Amino acid sequence: MKKILITGSTGFIGSTLIKFFLYKNYEVFALTRKKNKSSLIKYIKADIFDHKRINKVFKKIKPNYLIHLAWEASPNKYQNSKANYKWLHSSLNLYLNFCKYGGSKALITGSCAEYDFNNYLLKEKLIKKNDYTRYSLCKETFLHHALKISLIFNTKLVWARLFWIYGINQKKGRLIPDLINAAKNNKKILIRNPNSFINLLNVYDVSVALFKTFESKITGIINIADKKNVKVIDIANQCKKIFIGCNISYKKQNKKYSKPFSAKIGKLNLLKFKKFYTLEKGLKTFL
């Protein structure tokens, strides 16, 4: 049976994605900071920042596959948090140990924050950018080093760039959870830059796309994105229709945030990926 180790398995994406591996002839291991029990998942209590502990885990398990989802993700804080540097250092240690102990293939999540949105076309390739946040800088730096490590150990690497995501159990501080929370509590919510474009997928569809990508022969950089973008104001208006008491005001900001863009999804199209949730259908799951 193939051994797969997953980080971030109890998180927003991981808790959905991990289910796809449970009945597919994988022996599933999951790193977690807290004690967890499951008859289907072998949870390992380990802090990714504890490098000695991580080294021992990989030496003992020697997983064939790795899915690395965990990273700094606190809403309104993650972009410029100094913790990103710890995640960079520890993620490199994690990946190096995976490769060192015979790892065959890894899927690691990147972010659309790596892109320069002044460019219209967001291509599935390495990027040169001028306005890095700590988050995007550390993600991009990790990618460059991971590619070099992969070449040394002949390990297959998939770098999945995620765009905007929503769904059940998403933390407050994100657009859709905040809109719904405001509606439920009859509070007014301020939307800044309502004309900005985002590329949005439900967490279930993102998980399907990641699983299909992992099971395929695709390697390198892949965008996990929808075919079309949506404006923030259109999301807000859809919430108004579905959730009674959704009271929204708007504040326009710099026009540069309202530039349209096109996320290239050539590799995802090769997998014949089709999303299950429209925006309306996805929002109604919150009812």
# chains A, B, ... in the order shown; residues from 1 in each chain; ligands from 1
call {"tool": "residues_around", "arguments": {"residues": "segment 170-179 of chain A", "least_positions_apart": "6", "cutoff": "8 Å", "atoms": "only C-alpha atoms", "output": "NGL selection string"}}
result
:A and (12 or 75-76 or 189 or 236 or 239 or 246)
call {"tool": "write_last_selection", "arguments": {"atoms": "N, CA and C atoms", "output": "PDB file, in the first residue's frame"}}
result
ATOM      1  N   PHE A  12      -8.846  24.049   6.690  1.00  0.00           N
ATOM      2  CA  PHE A  12      -9.978  24.359   5.816  1.00  0.00           C
ATOM      3  C   PHE A  12      -9.997  23.489   4.559  1.00  0.00           C
ATOM      4  N   PRO A  75      -6.428  35.205   8.833  1.00  0.00           N
ATOM      5  CA  PRO A  75      -7.007  36.307   8.053  1.00  0.00           C
ATOM      6  C   PRO A  75      -6.512  37.662   8.540  1.00  0.00           C
ATOM      7  N   ASN A  76      -6.232  38.538   7.599  1.00  0.00           N
ATOM      8  CA  ASN A  76      -5.792  39.913   7.867  1.00  0.00           C
ATOM      9  C   ASN A  76      -4.394  40.004   8.482  1.00  0.00           C
ATOM     10  N   ILE A 189     -22.126  45.684   7.072  1.00  0.00           N
ATOM     11  CA  ILE A 189     -20.749  45.340   6.716  1.00  0.00           C
ATOM     12  C   ILE A 189     -20.259  46.255   5.600  1.00  0.00           C
ATOM     13  N   ALA A 236     -21.434  39.959  -3.265  1.00  0.00           N
ATOM     14  CA  ALA A 236     -22.234  40.613  -2.230  1.00  0.00           C
ATOM     15  C   ALA A 236     -23.716  40.628  -2.598  1.00  0.00           C
ATOM     16  N   CYS A 239     -25.234  37.258  -2.088  1.00  0.00           N
ATOM     17  CA  CYS A 239     -25.484  37.036  -0.659  1.00  0.00           C
ATOM     18  C   CYS A 239     -26.755  37.754  -0.203  1.00  0.00           C
ATOM     19  N   CYS A 246     -28.849  40.931   5.093  1.00  0.00           N
ATOM     20  CA  CYS A 246     -27.510  41.260   4.604  1.00  0.00           C
ATOM     21  C   CYS A 246     -27.468  42.747   4.254  1.00  0.00           C
TER      22      CYS A 246
END
call {"tool": "residues_around", "arguments": {"residues": "segment 22-35 of chain A", "least_positions_apart": "5", "cutoff": "9 Å", "atoms": "only C-alpha atoms", "output": "list in words"}}
result
Met1, Lys2, Lys3, Ile4, Leu5, Ile6, Thr7, Gly8, Ser9, Thr10, Leu40, Ile41, Lys42, Tyr43, Ile44, Lys45, Ala46, Asp47, Ile48, Ile61 and Pro63 of chain A
call {"tool": "residues_around", "arguments": {"residues": "Lys139 of chain A", "least_positions_apart": "2", "cutoff": "8 Å", "atoms": "only C-alpha atoms", "output": "compact mmCIF listing (two decimals) with C-alpha atoms, in the first residue's frame"}}
result
# COMPACT_ATOMS: atom_id res chain seq x y z
CA LEU A 88 9.63 28.82 4.78
CA GLY A 110 1.32 27.86 -3.59
CA SER A 111 -0.83 30.96 -3.96
CA GLU A 114 2.79 35.06 -6.00
CA TYR A 135 3.77 35.67 2.44
CA SER A 136 4.28 35.78 -1.33
CA LEU A 137 8.06 36.17 -0.98
CA THR A 141 11.35 31.36 -2.38
CA PHE A 142 10.17 27.94 -1.22
CA LEU A 143 9.18 27.05 -4.78
call {"tool": "atom_distance", "arguments": {"atom1": "atom CA of Glu72 of chain A", "atom2": "atom CA of Cys138 of chain A"}}
result
10.6 Å
call {"tool": "closest_residue", "arguments": {"among": "A:Thr109, A:Ser90, A:Ser150, A:Thr278", "to": "Gly14 of chain A", "atoms": "only C-alpha atoms"}}
result
A:Thr109
call {"tool": "select_by_dssp", "arguments": {"residues": "segment 102-286 of chain A", "states": "strand (DSSP E)", "output": "ChimeraX atom specification"}}
result
/A:105-111,121-122,156-162,164-166,188-192,197-198,200-202,220-224,230-231,247-251,262-263
call {"tool": "write_last_selection", "arguments": {"atoms": "C-alpha atoms", "output": "mmCIF file, in the first residue's frame"}}
result
data_model
loop_
_atom_site.group_PDB
_atom_site.id
_atom_site.type_symbol
_atom_site.label_atom_id
_atom_site.label_comp_id
_atom_site.auth_asym_id
_atom_site.auth_seq_id
_atom_site.Cartn_x
_atom_site.Cartn_y
_atom_site.Cartn_z
ATOM 1 C CA LYS A 105 5.990 12.712 -5.571
ATOM 2 C CA ALA A 106 4.859 15.781 -3.652
ATOM 3 C CA LEU A 107 2.020 18.223 -4.093
ATOM 4 C CA ILE A 108 2.623 21.578 -2.401
ATOM 5 C CA THR A 109 0.191 24.482 -2.388
ATOM 6 C CA GLY A 110 1.318 27.862 -3.588
ATOM 7 C CA SER A 111 -0.829 30.962 -3.957
ATOM 8 C CA LEU A 121 -2.150 36.878 -18.086
ATOM 9 C CA LEU A 122 -1.269 34.805 -15.023
ATOM 10 C CA LYS A 156 8.281 14.745 -8.862
ATOM 11 C CA LEU A 157 6.925 18.081 -7.664
ATOM 12 C CA VAL A 158 3.521 19.663 -8.243
ATOM 13 C CA TRP A 159 3.158 23.304 -7.201
ATOM 14 C CA ALA A 160 -0.571 24.080 -7.044
ATOM 15 C CA ARG A 161 -1.281 27.808 -7.036
ATOM 16 C CA LEU A 162 -4.573 28.377 -5.240
ATOM 17 C CA TRP A 164 -9.702 32.556 -3.753
ATOM 18 C CA ILE A 165 -11.586 29.837 -1.877
ATOM 19 C CA TYR A 166 -14.795 29.746 0.147
ATOM 20 C CA LYS A 188 -23.916 46.327 8.568
ATOM 21 C CA ILE A 189 -20.749 45.340 6.716
ATOM 22 C CA LEU A 190 -18.399 47.583 4.728
ATOM 23 C CA ILE A 191 -17.051 46.195 1.453
ATOM 24 C CA ARG A 192 -13.907 47.904 0.226
ATOM 25 C CA PHE A 197 -12.066 40.952 -9.625
ATOM 26 C CA ILE A 198 -11.380 37.656 -7.869
ATOM 27 C CA LEU A 200 -13.367 31.994 -6.711
ATOM 28 C CA LEU A 201 -13.917 28.261 -6.155
ATOM 29 C CA ASN A 202 -15.693 26.296 -3.455
ATOM 30 C CA GLY A 220 5.386 21.613 -12.172
ATOM 31 C CA ILE A 221 3.204 24.663 -11.633
ATOM 32 C CA ILE A 222 -0.573 24.424 -12.026
ATOM 33 C CA ASN A 223 -3.226 27.053 -11.380
ATOM 34 C CA ILE A 224 -6.234 25.821 -9.398
ATOM 35 C CA VAL A 230 -16.258 37.378 -10.509
ATOM 36 C CA LYS A 231 -16.568 40.881 -9.070
ATOM 37 C CA ASN A 247 -26.868 45.015 4.983
ATOM 38 C CA ILE A 248 -23.903 46.143 2.878
ATOM 39 C CA SER A 249 -22.200 49.483 2.256
ATOM 40 C CA TYR A 250 -19.353 50.066 -0.177
ATOM 41 C CA LYS A 251 -16.123 52.046 -0.264
ATOM 42 C CA SER A 262 -6.922 35.906 -16.760
ATOM 43 C CA ALA A 263 -5.682 32.895 -14.825
#
call {"tool": "atom_distance", "arguments": {"atom1": "atom CA of Asn130 of chain A", "atom2": "atom CA of Ser258 of chain A"}}
result
19.0 Å
call {"tool": "closest_atom_pairs", "arguments": {"of": "segment 102-219 of chain A", "to": "segment 267-276 of chain A", "cutoff": "9 Å", "atoms": "only C-alpha atoms", "output": "JSON lines"}}
result
{"residue": "A:Glu124", "atom": "CA", "partner": "A:Lys267", "partner_atom": "CA", "distance": 8.6}
{"residue": "A:Leu201", "atom": "CA", "partner": "A:Lys275", "partner_atom": "CA", "distance": 7.9}
{"residue": "A:Asn202", "atom": "CA", "partner": "A:Lys275", "partner_atom": "CA", "distance": 8.4}
{"residue": "A:Tyr204", "atom": "CA", "partner": "A:Phe276", "partner_atom": "CA", "distance": 8.1}
{"residue": "A:Asp205", "atom": "CA", "partner": "A:Lys275", "partner_atom": "CA", "distance": 5.5}
{"residue": "A:Val206", "atom": "CA", "partner": "A:Lys275", "partner_atom": "CA", "distance": 8.4}
{"residue": "A:Val208", "atom": "CA", "partner": "A:Phe273", "partner_atom": "CA", "distance": 8.3}
{"residue": "A:Ala209", "atom": "CA", "partner": "A:Phe273", "partner_atom": "CA", "distance": 6.6}
{"residue": "A:Lys212", "atom": "CA", "partner": "A:Leu271", "partner_atom": "CA", "distance": 7.1}
{"residue": "A:Thr213", "atom": "CA", "partner": "A:Leu271", "partner_atom": "CA", "distance": 7.4}
{"residue": "A:Ser216", "atom": "CA", "partner": "A:Leu271", "partner_atom": "CA", "distance": 7.8}
{"residue": "A:Ile218", "atom": "CA", "partner": "A:Lys267", "partner_atom": "CA", "distance": 7.5}
call {"tool": "write_last_selection", "arguments": {"atoms": "N, CA and C atoms", "output": "JSON list (two decimals), in the first residue's frame"}}
result
[["chain", "number", "residue", "atom", "x", "y", "z"],
["A", 124, "GLU", "N", 1.22, 29.69, -15.86],
["A", 124, "GLU", "CA", 1.69, 28.62, -14.99],
["A", 124, "GLU", "C", 3.21, 28.46, -15.14],
["A", 201, "LEU", "N", -13.44, 29.65, -6.09],
["A", 201, "LEU", "CA", -13.92, 28.26, -6.15],
["A", 201, "LEU", "C", -14.32, 27.80, -4.76],
["A", 202, "ASN", "N", -15.31, 26.93, -4.70],
["A", 202, "ASN", "CA", -15.69, 26.30, -3.46],
["A", 202, "ASN", "C", -14.59, 25.34, -3.00],
["A", 204, "TYR", "N", -14.73, 22.42, -1.86],
["A", 204, "TYR", "CA", -14.91, 21.06, -2.37],
["A", 204, "TYR", "C", -14.33, 20.94, -3.78],
["A", 205, "ASP", "N", -14.60, 21.93, -4.62],
["A", 205, "ASP", "CA", -14.07, 21.90, -5.99],
["A", 205, "ASP", "C", -12.56, 22.02, -6.01],
["A", 206, "VAL", "N", -12.01, 22.83, -5.12],
["A", 206, "VAL", "CA", -10.56, 22.94, -5.01],
["A", 206, "VAL", "C", -9.96, 21.59, -4.63],
["A", 208, "VAL", "N", -11.25, 18.59, -5.15],
["A", 208, "VAL", "CA", -11.37, 17.69, -6.31],
["A", 208, "VAL", "C", -10.24, 17.97, -7.30],
["A", 209, "ALA", "N", -9.99, 19.25, -7.57],
["A", 209, "ALA", "CA", -8.94, 19.64, -8.52],
["A", 209, "ALA", "C", -7.57, 19.20, -8.03],
["A", 212, "LYS", "N", -7.36, 15.29, -8.36],
["A", 212, "LYS", "CA", -7.19, 14.90, -9.76],
["A", 212, "LYS", "C", -5.77, 15.23, -10.25],
["A", 213, "THR", "N", -5.26, 16.37, -9.81],
["A", 213, "THR", "CA", -3.90, 16.77, -10.19],
["A", 213, "THR", "C", -2.89, 15.80, -9.61],
["A", 216, "SER", "N", -2.73, 12.49, -11.36],
["A", 216, "SER", "CA", -2.35, 12.56, -12.78],
["A", 216, "SER", "C", -0.82, 12.53, -12.93],
["A", 218, "ILE", "N", 0.73, 15.07, -14.23],
["A", 218, "ILE", "CA", 1.12, 16.48, -14.29],
["A", 218, "ILE", "C", 2.13, 16.80, -13.20]]
call {"tool": "select_by_dssp", "arguments": {"residues": "segment 187-276 of chain A", "states": "alpha helix (DSSP H)", "output": "list in words"}}
result
Val203, Tyr204, Asp205, Val206, Ser207, Val208, Ala209, Leu210, Phe211, Lys212, Thr213, Phe214, Glu215, Val232, Ile233, Asp234, Ile235, Ala236, Asn237, Gln238, Cys239, Lys240, Lys241, Ile242, Gly266, Lys267, Leu268, Asn269 and Leu270 of chain A
call {"tool": "residues_around", "arguments": {"residues": "Ile54 of chain A", "least_positions_apart": "2", "cutoff": "10 Å", "atoms": "only C-alpha atoms", "output": "list in words"}}
result
Leu31, Ala46, Asp47, Ile48, Phe49, Asp50, His51, Lys52, Lys56, Val57, Phe58, Lys59, Lys60, Ser90, Asn93, Leu94, Asn97 and Phe98 of chain A
call {"tool": "decode", "arguments": {"residues": "segment 173-214 of chain A", "atoms": "N, CA and C atoms", "output": "mmCIF file, in the first residue's frame"}}
result
data_model
loop_
_atom_site.group_PDB
_atom_site.id
_atom_site.type_symbol
_atom_site.label_atom_id
_atom_site.label_comp_id
_atom_site.auth_asym_id
_atom_site.auth_seq_id
_atom_site.Cartn_x
_atom_site.Cartn_y
_atom_site.Cartn_z
ATOM 1 N N GLY A 173 -13.111 36.738 8.829
ATOM 2 C CA GLY A 173 -12.030 37.571 8.332
ATOM 3 C C GLY A 173 -11.877 37.444 6.833
ATOM 4 N N ARG A 174 -12.611 36.497 6.241
ATOM 5 C CA ARG A 174 -12.684 36.333 4.789
ATOM 6 C C ARG A 174 -14.029 36.881 4.310
ATOM 7 N N LEU A 175 -14.095 37.216 3.033
ATOM 8 C CA LEU A 175 -15.252 37.924 2.487
ATOM 9 C C LEU A 175 -16.579 37.227 2.759
ATOM 10 N N ILE A 176 -16.731 35.998 2.304
ATOM 11 C CA ILE A 176 -18.030 35.319 2.381
ATOM 12 C C ILE A 176 -18.431 34.982 3.817
ATOM 13 N N PRO A 177 -17.546 34.431 4.650
ATOM 14 C CA PRO A 177 -17.949 34.214 6.044
ATOM 15 C C PRO A 177 -18.369 35.500 6.750
ATOM 16 N N ASP A 178 -17.695 36.606 6.431
ATOM 17 C CA ASP A 178 -18.048 37.877 7.072
ATOM 18 C C ASP A 178 -19.392 38.407 6.586
ATOM 19 N N LEU A 179 -19.678 38.220 5.302
ATOM 20 C CA LEU A 179 -20.980 38.631 4.759
ATOM 21 C C LEU A 179 -22.108 37.840 5.422
ATOM 22 N N ILE A 180 -21.909 36.529 5.540
ATOM 23 C CA ILE A 180 -22.947 35.673 6.124
ATOM 24 C C ILE A 180 -23.106 35.957 7.615
ATOM 25 N N ASN A 181 -22.010 36.148 8.311
ATOM 26 C CA ASN A 181 -22.060 36.448 9.741
ATOM 27 C C ASN A 181 -22.779 37.765 10.008
ATOM 28 N N ALA A 182 -22.511 38.761 9.158
ATOM 29 C CA ALA A 182 -23.177 40.060 9.292
ATOM 30 C C ALA A 182 -24.681 39.918 9.076
ATOM 31 N N ALA A 183 -25.080 39.110 8.096
ATOM 32 C CA ALA A 183 -26.500 38.892 7.812
ATOM 33 C C ALA A 183 -27.198 38.200 8.978
ATOM 34 N N LYS A 184 -26.544 37.186 9.542
ATOM 35 C CA LYS A 184 -27.146 36.432 10.648
ATOM 36 C C LYS A 184 -27.316 37.282 11.903
ATOM 37 N N ASN A 185 -26.418 38.254 12.078
ATOM 38 C CA ASN A 185 -26.455 39.095 13.277
ATOM 39 C C ASN A 185 -27.029 40.483 13.021
ATOM 40 N N ASN A 186 -27.620 40.664 11.819
ATOM 41 C CA ASN A 186 -28.231 41.945 11.445
ATOM 42 C C ASN A 186 -27.280 43.126 11.624
ATOM 43 N N LYS A 187 -26.040 42.904 11.207
ATOM 44 C CA LYS A 187 -25.035 43.964 11.285
ATOM 45 C C LYS A 187 -24.678 44.463 9.892
ATOM 46 N N LYS A 188 -24.326 45.737 9.833
ATOM 47 C CA LYS A 188 -23.916 46.327 8.568
ATOM 48 C C LYS A 188 -22.452 45.976 8.307
ATOM 49 N N ILE A 189 -22.126 45.684 7.072
ATOM 50 C CA ILE A 189 -20.749 45.340 6.716
ATOM 51 C C ILE A 189 -20.259 46.255 5.600
ATOM 52 N N LEU A 190 -19.012 46.703 5.722
ATOM 53 C CA LEU A 190 -18.399 47.583 4.728
ATOM 54 C C LEU A 190 -17.549 46.745 3.774
ATOM 55 N N ILE A 191 -17.827 46.884 2.484
ATOM 56 C CA ILE A 191 -17.051 46.195 1.453
ATOM 57 C C ILE A 191 -16.160 47.214 0.763
ATOM 58 N N ARG A 192 -14.855 47.008 0.887
ATOM 59 C CA ARG A 192 -13.907 47.904 0.226
ATOM 60 C C ARG A 192 -13.608 47.399 -1.176
ATOM 61 N N ASN A 193 -13.536 48.350 -2.091
ATOM 62 C CA ASN A 193 -13.225 48.036 -3.490
ATOM 63 C C ASN A 193 -14.164 46.979 -4.079
ATOM 64 N N PRO A 194 -15.452 47.269 -4.146
ATOM 65 C CA PRO A 194 -16.444 46.292 -4.623
ATOM 66 C C PRO A 194 -16.276 45.890 -6.083
ATOM 67 N N ASN A 195 -15.555 46.692 -6.856
ATOM 68 C CA ASN A 195 -15.383 46.382 -8.278
ATOM 69 C C ASN A 195 -14.145 45.551 -8.576
ATOM 70 N N SER A 196 -13.475 45.088 -7.532
ATOM 71 C CA SER A 196 -12.297 44.262 -7.769
ATOM 72 C C SER A 196 -12.703 42.881 -8.275
ATOM 73 N N PHE A 197 -11.832 42.290 -9.071
ATOM 74 C CA PHE A 197 -12.066 40.952 -9.625
ATOM 75 C C PHE A 197 -11.358 39.910 -8.763
ATOM 76 N N ILE A 198 -12.027 38.795 -8.508
ATOM 77 C CA ILE A 198 -11.380 37.656 -7.869
ATOM 78 C C ILE A 198 -11.771 36.389 -8.623
ATOM 79 N N ASN A 199 -10.974 35.353 -8.441
ATOM 80 C CA ASN A 199 -11.250 34.067 -9.067
ATOM 81 C C ASN A 199 -11.578 33.099 -7.947
ATOM 82 N N LEU A 200 -12.823 32.646 -7.896
ATOM 83 C CA LEU A 200 -13.367 31.994 -6.711
ATOM 84 C C LEU A 200 -13.832 30.571 -6.982
ATOM 85 N N LEU A 201 -13.436 29.648 -6.092
ATOM 86 C CA LEU A 201 -13.917 28.261 -6.155
ATOM 87 C C LEU A 201 -14.318 27.800 -4.761
ATOM 88 N N ASN A 202 -15.309 26.927 -4.704
ATOM 89 C CA ASN A 202 -15.693 26.296 -3.455
ATOM 90 C C ASN A 202 -14.594 25.335 -3.004
ATOM 91 N N VAL A 203 -14.435 25.178 -1.699
ATOM 92 C CA VAL A 203 -13.367 24.335 -1.160
ATOM 93 C C VAL A 203 -13.504 22.877 -1.633
ATOM 94 N N TYR A 204 -14.727 22.417 -1.864
ATOM 95 C CA TYR A 204 -14.912 21.059 -2.371
ATOM 96 C C TYR A 204 -14.330 20.944 -3.778
ATOM 97 N N ASP A 205 -14.597 21.929 -4.621
ATOM 98 C CA ASP A 205 -14.073 21.900 -5.989
ATOM 99 C C ASP A 205 -12.556 22.021 -6.009
ATOM 100 N N VAL A 206 -12.015 22.831 -5.121
ATOM 101 C CA VAL A 206 -10.559 22.940 -5.007
ATOM 102 C C VAL A 206 -9.964 21.586 -4.626
ATOM 103 N N SER A 207 -10.605 20.902 -3.695
ATOM 104 C CA SER A 207 -10.122 19.593 -3.256
ATOM 105 C C SER A 207 -10.185 18.564 -4.377
ATOM 106 N N VAL A 208 -11.247 18.592 -5.147
ATOM 107 C CA VAL A 208 -11.365 17.694 -6.313
ATOM 108 C C VAL A 208 -10.238 17.972 -7.296
ATOM 109 N N ALA A 209 -9.991 19.251 -7.573
ATOM 110 C CA ALA A 209 -8.942 19.641 -8.518
ATOM 111 C C ALA A 209 -7.569 19.204 -8.026
ATOM 112 N N LEU A 210 -7.312 19.357 -6.729
ATOM 113 C CA LEU A 210 -6.029 18.950 -6.164
ATOM 114 C C LEU A 210 -5.860 17.427 -6.243
ATOM 115 N N PHE A 211 -6.924 16.701 -5.941
ATOM 116 C CA PHE A 211 -6.850 15.241 -5.980
ATOM 117 C C PHE A 211 -6.625 14.745 -7.410
ATOM 118 N N LYS A 212 -7.355 15.294 -8.357
ATOM 119 C CA LYS A 212 -7.187 14.898 -9.761
ATOM 120 C C LYS A 212 -5.774 15.226 -10.247
ATOM 121 N N THR A 213 -5.259 16.373 -9.812
ATOM 122 C CA THR A 213 -3.899 16.774 -10.190
ATOM 123 C C THR A 213 -2.888 15.800 -9.614
ATOM 124 N N PHE A 214 -3.050 15.471 -8.334
ATOM 125 C CA PHE A 214 -2.114 14.571 -7.672
ATOM 126 C C PHE A 214 -2.099 13.199 -8.332
#
